[in-house]
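File shown here: upload.csv, holding CSV, C-alpha atoms.
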```csv
chain,number,residue,atom,x,y,z
D,124,MET,CA,7.2,3.4,4.3
D,125,LEU,CA,4.8,6.2,4.2
D,126,GLY,CA,1.1,6.3,5.0
D,127,PRO,CA,-1.8,5.7,2.6
D,128,SER,CA,-2.3,8.4,0.1
D,129,PRO,CA,-3.4,7.5,-3.4
D,130,THR,CA,0.3,7.4,-4.2
D,131,SER,CA,1.9,5.9,-1.1
D,132,LEU,CA,3.9,2.9,-2.3
D,133,LEU,CA,7.2,1.2,-1.6
D,134,LEU,CA,8.5,-0.7,-4.6
D,135,PHE,CA,11.0,-3.0,-3.0
D,136,LEU,CA,10.7,-5.5,-0.2
D,137,CYS,CA,12.5,-8.7,0.9
D,138,THR,CA,10.3,-11.6,2.2
D,139,GLU,CA,12.9,-14.1,3.2
D,140,ASP,CA,11.3,-14.7,6.6
D,141,ILE,CA,7.9,-15.8,5.2
D,142,LEU,CA,7.1,-19.4,4.1
D,143,LEU,CA,4.0,-20.0,2.0
D,144,LYS,CA,1.6,-22.8,2.9
D,145,ASP,CA,-1.6,-23.8,1.0
D,146,LYS,CA,-5.3,-23.4,2.0
D,147,GLY,CA,-4.8,-19.9,3.4
D,148,VAL,CA,-2.6,-20.7,6.3
D,149,TYR,CA,0.4,-18.5,7.4
D,150,GLU,CA,3.4,-20.0,8.9
D,151,THR,CA,6.5,-18.1,10.2
D,152,MET,CA,10.0,-19.4,10.7
D,153,ASP,CA,9.2,-20.3,14.3
D,154,GLY,CA,6.3,-22.5,13.2
D,155,THR,CA,3.4,-20.2,14.4
D,156,ARG,CA,0.3,-20.9,12.4
D,157,THR,CA,-2.8,-18.6,12.0
D,158,SER,CA,-6.2,-19.6,10.5
D,159,LEU,CA,-7.6,-17.3,7.8
D,160,ASP,CA,-11.2,-18.1,7.9
D,161,ILE,CA,-12.9,-14.7,8.5
D,162,GLU,CA,-16.0,-14.1,6.4
D,163,GLU,CA,-15.8,-11.1,4.1
D,164,TYR,CA,-18.7,-8.7,3.7
D,165,PRO,CA,-20.8,-9.7,0.7
D,166,ASN,CA,-21.7,-6.2,-0.6
D,167,THR,CA,-18.6,-5.1,-2.6
D,168,GLU,CA,-20.4,-2.3,-4.5
D,169,VAL,CA,-21.4,0.0,-1.6
D,170,GLN,CA,-18.3,2.2,-1.8
D,171,LYS,CA,-17.9,2.2,-5.6
D,172,ASN,CA,-18.8,5.9,-6.0
D,173,GLN,CA,-16.7,7.3,-3.2
D,174,VAL,CA,-14.1,9.8,-4.3
D,175,LEU,CA,-11.3,11.7,-2.6
D,176,THR,CA,-9.2,14.2,-4.5
D,177,LEU,CA,-5.4,14.5,-4.4
D,178,GLU,CA,-5.9,17.9,-2.8
D,179,GLU,CA,-7.9,16.4,0.0
D,180,TRP,CA,-5.1,13.8,0.6
D,181,GLN,CA,-2.6,16.6,0.8
D,182,ASP,CA,-4.8,18.5,3.3
D,183,LYS,CA,-4.7,15.4,5.5
D,184,TRP,CA,-1.0,15.9,6.0
D,185,VAL,CA,-1.3,19.7,6.4
D,186,ASN,CA,-4.1,19.3,9.0
D,187,ARG,CA,-2.3,16.3,10.7
D,188,LYS,CA,-5.1,13.9,10.0
D,189,THR,CA,-2.5,11.1,9.5
D,190,ALA,CA,-3.4,8.3,11.9
D,191,PHE,CA,-2.3,6.0,9.1
D,192,HIS,CA,1.2,7.3,9.2
D,193,GLN,CA,3.9,5.1,10.8
D,194,GLU,CA,7.1,6.7,12.0
D,195,GLN,CA,8.9,3.4,12.1
D,196,GLY,CA,9.9,2.9,8.5
D,197,HIS,CA,10.6,-0.3,6.6
D,198,GLN,CA,14.3,0.3,6.1
D,199,PHE,CA,15.2,-2.3,3.5
D,200,ALA,CA,17.6,0.3,2.2
D,201,ASP,CA,19.7,-0.5,5.3
D,202,ARG,CA,20.1,-4.1,3.8
D,203,GLY,CA,21.7,-2.7,0.6
D,204,HIS,CA,18.5,-2.7,-1.5
D,205,SER,CA,17.5,0.2,-3.8
D,206,VAL,CA,14.1,1.5,-2.7
D,207,ILE,CA,11.7,3.7,-4.7
D,208,GLY,CA,8.6,5.2,-3.2
D,209,VAL,CA,5.7,7.3,-4.4
D,210,GLU,CA,3.8,9.9,-2.4
D,211,ILE,CA,1.6,12.8,-3.4
D,212,SER,CA,2.4,14.9,-0.3
D,213,GLU,CA,5.7,16.7,-0.3
D,214,LEU,CA,5.2,17.4,3.4
D,215,GLY,CA,4.9,13.7,4.0
D,216,ILE,CA,8.2,13.0,2.1
D,217,ARG,CA,10.1,15.6,3.9
D,218,GLU,CA,8.8,14.3,7.3
D,219,PHE,CA,10.0,10.8,6.3
D,220,PHE,CA,13.6,12.0,5.8
D,221,THR,CA,13.5,14.0,9.0
D,222,GLU,CA,12.1,11.1,11.1
D,223,GLN,CA,14.7,8.7,9.7
D,224,ASN,CA,17.5,11.3,10.2
D,225,LEU,CA,18.5,11.1,6.6
D,226,SER,CA,20.0,13.9,4.5
D,227,TYR,CA,18.6,14.2,1.0
D,228,SER,CA,18.5,16.2,-2.2
D,229,GLU,CA,15.6,17.1,-4.5
D,230,GLU,CA,15.3,17.7,-8.2
D,231,PRO,CA,12.4,18.2,-10.7
D,232,ILE,CA,11.0,15.3,-12.7
D,233,THR,CA,11.2,16.6,-16.2
D,234,GLU,CA,8.6,14.2,-17.6
D,235,ILE,CA,5.9,15.4,-15.0
D,236,PRO,CA,5.5,19.2,-14.7
D,237,GLY,CA,5.5,20.3,-11.0
D,238,ALA,CA,6.7,16.9,-9.7
D,239,LYS,CA,9.9,16.2,-7.8
D,240,VAL,CA,12.1,13.3,-6.8
D,241,PHE,CA,13.8,13.3,-3.4
D,242,LYS,CA,16.9,11.2,-3.0
D,243,SER,CA,18.8,10.2,0.1
D,244,SER,CA,22.5,11.2,0.2
D,245,SER,CA,23.3,7.5,0.2
D,246,GLY,CA,21.6,7.2,-3.2
D,247,ASN,CA,19.5,4.1,-2.5
D,248,ILE,CA,16.2,5.8,-1.5
D,249,SER,CA,14.3,7.8,-4.1
D,250,LEU,CA,10.8,9.1,-3.3
D,251,TYR,CA,8.8,10.5,-6.2
D,252,CYS,CA,6.4,13.3,-5.2
D,253,CYS,CA,3.7,12.8,-7.8
D,254,SER,CA,0.5,10.9,-8.6
D,255,ILE,CA,0.9,7.2,-9.0
D,256,PHE,CA,-1.0,7.6,-12.2
D,257,ASP,CA,1.7,9.8,-13.7
D,258,LEU,CA,4.6,7.5,-12.6
D,259,PRO,CA,4.8,5.5,-15.9
D,260,ARG,CA,5.8,8.7,-17.7
D,261,THR,CA,9.1,8.6,-15.9
D,262,ASN,CA,10.2,5.3,-17.5
D,263,ILE,CA,11.0,4.1,-14.0
D,264,GLY,CA,11.6,0.5,-15.1
D,265,LYS,CA,10.6,-2.9,-13.6
D,266,PHE,CA,10.7,-4.0,-9.9
D,267,ASP,CA,11.5,-7.3,-8.3
D,268,ARG,CA,9.5,-6.6,-5.1
D,269,ILE,CA,6.6,-4.3,-4.4
D,270,TRP,CA,5.2,-3.5,-0.9
D,271,ASP,CA,1.8,-1.9,-1.0
D,272,ARG,CA,0.6,-0.8,2.4
D,273,GLY,CA,-2.1,1.8,2.3
D,274,ALA,CA,-2.1,2.4,-1.4
D,275,LEU,CA,-4.7,0.2,-3.0
D,276,VAL,CA,-7.0,0.8,0.0
D,277,ALA,CA,-6.7,4.6,-0.6
D,278,ILE,CA,-7.3,4.5,-4.3
D,279,ASN,CA,-10.8,5.6,-5.3
D,280,PRO,CA,-12.7,2.4,-6.1
D,281,GLY,CA,-13.5,3.7,-9.6
D,282,ASP,CA,-9.7,4.1,-10.3
D,283,ARG,CA,-8.6,0.6,-9.1
D,284,LYS,CA,-8.4,-1.0,-12.6
D,285,CYS,CA,-6.2,1.8,-13.8
D,286,TYR,CA,-4.0,1.5,-10.7
D,287,ALA,CA,-3.7,-2.3,-11.1
D,288,ASP,CA,-2.7,-1.9,-14.7
D,289,ILE,CA,0.0,0.5,-13.8
D,290,MET,CA,1.3,-1.8,-11.0
D,291,SER,CA,1.2,-4.8,-13.4
D,292,SER,CA,3.3,-2.8,-15.9
D,293,LEU,CA,6.0,-2.3,-13.2
D,294,LEU,CA,6.4,-6.0,-12.3
D,295,GLY,CA,9.7,-7.7,-13.3
D,296,LYS,CA,10.2,-11.4,-13.8
D,297,LYS,CA,9.6,-13.7,-10.8
D,298,PHE,CA,8.2,-10.7,-8.9
D,299,GLN,CA,6.9,-10.8,-5.3
D,300,TYR,CA,4.1,-8.3,-4.6
D,301,LEU,CA,3.1,-7.9,-0.9
D,302,LEU,CA,-0.4,-6.3,-0.7
D,303,CYS,CA,-2.0,-5.2,2.6
D,304,VAL,CA,-5.8,-4.6,2.6
D,305,LEU,CA,-8.5,-4.0,5.2
D,306,SER,CA,-11.7,-6.0,5.9
D,307,TYR,CA,-14.6,-4.3,7.7
D,308,ASP,CA,-18.3,-3.6,7.2
D,309,PRO,CA,-18.3,-1.1,4.3
D,310,THR,CA,-22.0,-0.2,4.9
D,311,LYS,CA,-20.9,1.5,8.2
D,312,HIS,CA,-17.9,3.4,7.0
D,313,PRO,CA,-17.6,5.1,3.6
D,314,GLY,CA,-13.8,5.1,3.5
D,315,PRO,CA,-11.0,5.8,2.9
D,316,PRO,CA,-9.3,3.5,3.7
D,317,PHE,CA,-11.6,1.5,1.5
D,318,TYR,CA,-12.7,-2.1,2.0
D,319,VAL,CA,-11.0,-4.4,-0.5
D,320,PRO,CA,-12.2,-8.1,-0.5
D,321,ARG,CA,-10.2,-11.0,-2.0
D,322,ALA,CA,-12.7,-11.1,-4.9
D,323,GLU,CA,-11.6,-7.6,-5.9
D,324,ILE,CA,-7.9,-8.6,-5.7
D,325,GLU,CA,-8.7,-11.5,-8.0
D,326,ARG,CA,-10.5,-9.3,-10.4
D,327,LEU,CA,-7.6,-6.8,-10.6
D,328,PHE,CA,-4.6,-9.1,-10.6
D,329,GLY,CA,-5.9,-12.7,-11.0
D,330,LYS,CA,-5.1,-13.0,-14.7
D,331,ILE,CA,-1.4,-12.6,-14.2
D,332,CYS,CA,-0.8,-13.4,-10.5
D,333,ASN,CA,-1.1,-16.2,-8.1
D,334,ILE,CA,-2.7,-14.8,-5.0
D,335,HIS,CA,-1.9,-16.2,-1.5
D,336,CYS,CA,-3.3,-14.8,1.8
D,337,LEU,CA,-0.4,-14.9,4.2
D,338,GLU,CA,-1.7,-13.3,7.4
D,339,LYS,CA,-4.8,-11.8,9.0
D,340,VAL,CA,-4.4,-9.5,12.0
D,341,ASP,CA,-7.1,-7.9,14.2
D,342,ALA,CA,-6.3,-4.2,13.7
D,343,PHE,CA,-9.3,-2.8,15.5
D,344,GLU,CA,-8.4,0.1,17.8
D,345,GLU,CA,-10.4,2.5,20.0
D,346,ARG,CA,-10.3,5.2,17.3
D,347,HIS,CA,-12.0,3.0,14.8
D,348,LYS,CA,-15.2,3.2,16.8
D,349,SER,CA,-15.7,6.7,15.4
D,350,TRP,CA,-15.9,5.1,12.0
D,351,GLY,CA,-19.1,3.3,13.1
D,352,ILE,CA,-17.5,-0.1,12.7
D,353,ASP,CA,-17.0,-2.8,15.3
D,354,TYR,CA,-14.3,-4.9,13.7
D,355,LEU,CA,-11.3,-4.3,11.4
D,356,PHE,CA,-8.9,-6.9,10.1
D,357,GLU,CA,-5.7,-6.2,8.2
D,358,LYS,CA,-4.9,-8.9,5.6
D,359,LEU,CA,-1.6,-9.5,3.9
D,360,TYR,CA,-1.5,-11.1,0.5
D,361,LEU,CA,1.5,-12.3,-1.6
D,362,LEU,CA,1.1,-12.0,-5.4
D,363,THR,CA,3.5,-13.9,-7.5
D,364,GLU,CA,4.0,-14.6,-11.2
D,365,LYS,CA,1.7,-17.2,-12.8
```

What do you get writing this file as C-alpha cells?
Amino acid sequence: MLGPSPTSLLLFLCTEDILLKDKGVYETMDGTRTSLDIEEYPNTEVQKNQVLTLEEWQDKWVNRKTAFHQEQGHQFADRGHSVIGVEISELGIREFFTEQNLSYSEEPITEIPGAKVFKSSSGNISLYCCSIFDLPRTNIGKFDRIWDRGALVAINPGDRKCYADIMSSLLGKKFQYLLCVLSYDPTKHPGPPFYVPRAEIERLFGKICNIHCLEKVDAFEERHKSWGIDYLFEKLYLLTEK
C-alpha cells in the first residue's frame, strides 16, 4: 500500500489467484510457469551493521526521495475487506488518502504518545502512524492475511528478529503472509532497501512457518545503476502455518 519505511506494512491481502506448486515453481491461473533458480549472494553479514533512523525515513518523504512509493495502491478494501496499515511518515499517509481520493479522519492513539490513526470515512481502512515496534501496545489483534512489501527490506538488519517476533504475534490461525524481498549483491550497495536471502527468512520465520517462493521478477531499472549494482530481483514468498 505504502512504500518501504521501517513501518510500511499492509496487514490484509487476498491470494485467491495464486496456486502453490512444489520445488520453487510459480504457476498462475493461466498456467504460466517461472523457474526460481537464481543464485543468492553468499555473504549475508555484509550489511548487518547498517542503521537508518526513523527520522531519516521521515526525511525521505519530506525531501521526495521516495522512488519506492507506488501511487497505485492495493485496494483490497474495495473488495469488502478490513485493511490496517502501519507507516512512520504522517506525510506518506496523508498522500495515500489524497492519491486514492478518499476522505478520512484522524485520532490519537492513546497507548502510544504522539502517534495517530487515520481512518477512511468508509471505516474499512485504518493507517497507524507509528513505529511498527510500538504497534503491539495498541492490542490490535490477529490477522488472517499480511502483505509485506518494503517493510522487512527496510528494517535495520540488527532489528529483524524483533520485527519478526512482532509479526509472528499478529498472525491468526491459518494465516497467509506474503513477503516481498530483494536479491542483489550487498557488497556493492549498503542499503536500504537491504538484501534479504531465503536463509534469513528461514531463520526469522522457519520455526512457525512453511515458506514457499512463489515468484521471482527482474526488477532492475536504470536508476539502480547509481547503487553500483548490475542486477536486482524481487522475490515473493508465501508463509503459511506449520

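Our summary of the geometry notes that CA of Arg202 (chain D) is positioned 27.8 Å from CA of Val276 (chain D).
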
Choose the residue, out of D:Glu178, D:Asp282, D:Glu218, D:Glu163, that has the smallest atom-to-atom separation from Leu327 (chain D); count only C-alpha atoms. D:Asp282

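Interatomic distance, CA of Leu177 (chain D) against CA of Ile235 (chain D): 15.5 Å.
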
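For the set D:Arg268, D:Thr167, D:Lys239, D:Gln299, the residue with the smallest atom-to-atom gap to Ile324 (chain D) is D:Thr167, counting all atoms listed in the file.
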
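Proximity to Lys358 (chain D) was assessed for D:Gly281, D:Gly246, D:Gly215, D:Pro320 counting only C-alpha atoms; the smallest distance is recorded for D:Pro320.
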
Distance query region 305-313 of chain D at most 7 Å, all atoms listed in the file, self and fewer than 4 positions along chain excluded, as a PDB file with C-alpha atoms, in the coordinates of the input:
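Generated file (part.pdb):
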```
ATOM      1  CA  GLU D 163     -15.800 -11.100   4.100  1.00  0.00           C
ATOM      2  CA  TYR D 164     -18.700  -8.700   3.700  1.00  0.00           C
ATOM      3  CA  VAL D 169     -21.400   0.000  -1.600  1.00  0.00           C
ATOM      4  CA  GLN D 170     -18.300   2.200  -1.800  1.00  0.00           C
ATOM      5  CA  TYR D 318     -12.700  -2.100   2.000  1.00  0.00           C
ATOM      6  CA  VAL D 319     -11.000  -4.400  -0.500  1.00  0.00           C
ATOM      7  CA  PRO D 320     -12.200  -8.100  -0.500  1.00  0.00           C
ATOM      8  CA  TRP D 350     -15.900   5.100  12.000  1.00  0.00           C
ATOM      9  CA  GLY D 351     -19.100   3.300  13.100  1.00  0.00           C
ATOM     10  CA  ILE D 352     -17.500  -0.100  12.700  1.00  0.00           C
ATOM     11  CA  TYR D 354     -14.300  -4.900  13.700  1.00  0.00           C
ATOM     12  CA  LEU D 355     -11.300  -4.300  11.400  1.00  0.00           C
ATOM     13  CA  PHE D 356      -8.900  -6.900  10.100  1.00  0.00           C
ATOM     14  CA  GLU D 357      -5.700  -6.200   8.200  1.00  0.00           C
ATOM     15  CA  LYS D 358      -4.900  -8.900   5.600  1.00  0.00           C
TER      16      LYS D 358
END
```

For Thr233 (chain D), work out the shell of residues within 12 Å, counting only C-alpha atoms and skipping chain neighbours fewer than 3 positions away, then give it as a PDB file with C-alpha atoms, in the frame of the given file.
```pdb
ATOM      1  CA  GLU D 230      15.300  17.700  -8.200  1.00  0.00           C
ATOM      2  CA  PRO D 236       5.500  19.200 -14.700  1.00  0.00           C
ATOM      3  CA  GLY D 237       5.500  20.300 -11.000  1.00  0.00           C
ATOM      4  CA  ALA D 238       6.700  16.900  -9.700  1.00  0.00           C
ATOM      5  CA  LYS D 239       9.900  16.200  -7.800  1.00  0.00           C
ATOM      6  CA  VAL D 240      12.100  13.300  -6.800  1.00  0.00           C
ATOM      7  CA  TYR D 251       8.800  10.500  -6.200  1.00  0.00           C
ATOM      8  CA  CYS D 253       3.700  12.800  -7.800  1.00  0.00           C
ATOM      9  CA  ASP D 257       1.700   9.800 -13.700  1.00  0.00           C
ATOM     10  CA  LEU D 258       4.600   7.500 -12.600  1.00  0.00           C
ATOM     11  CA  ARG D 260       5.800   8.700 -17.700  1.00  0.00           C
ATOM     12  CA  THR D 261       9.100   8.600 -15.900  1.00  0.00           C
ATOM     13  CA  ASN D 262      10.200   5.300 -17.500  1.00  0.00           C
TER      14      ASN D 262
END
```

Å distance separating CA of Trp270 (chain D) from CA of Thr363 (chain D), one decimal place: 12.4 Å

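Counting all atoms listed in the file, the residue from D:Val209, D:Ile278, D:Leu362, D:Leu214 that sits nearest to Lys171 (chain D) is D:Ile278.
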
Closest of D:Pro231, D:Gly295, D:Pro165, D:Gly203 to Asn247 (chain D) - atom-to-atom distances counting all atoms listed in the file: D:Gly203

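In terms of minimum interatomic distance to Ile255 (chain D), D:Ile211 ranks closest within D:Ile211, D:Asp288, D:Ile232, D:Phe241, counting all atoms listed in the file.
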
Place a sphere of radius 8 Å on (5.0, -6.7, -11.1) in the file coordinates and name every protein, DNA or RNA residue with an atom inside or on its surface, counting all atoms listed in the file; give the answer as a PyMOL selection string. chain D and resi 265-269+290-296+298-300+364
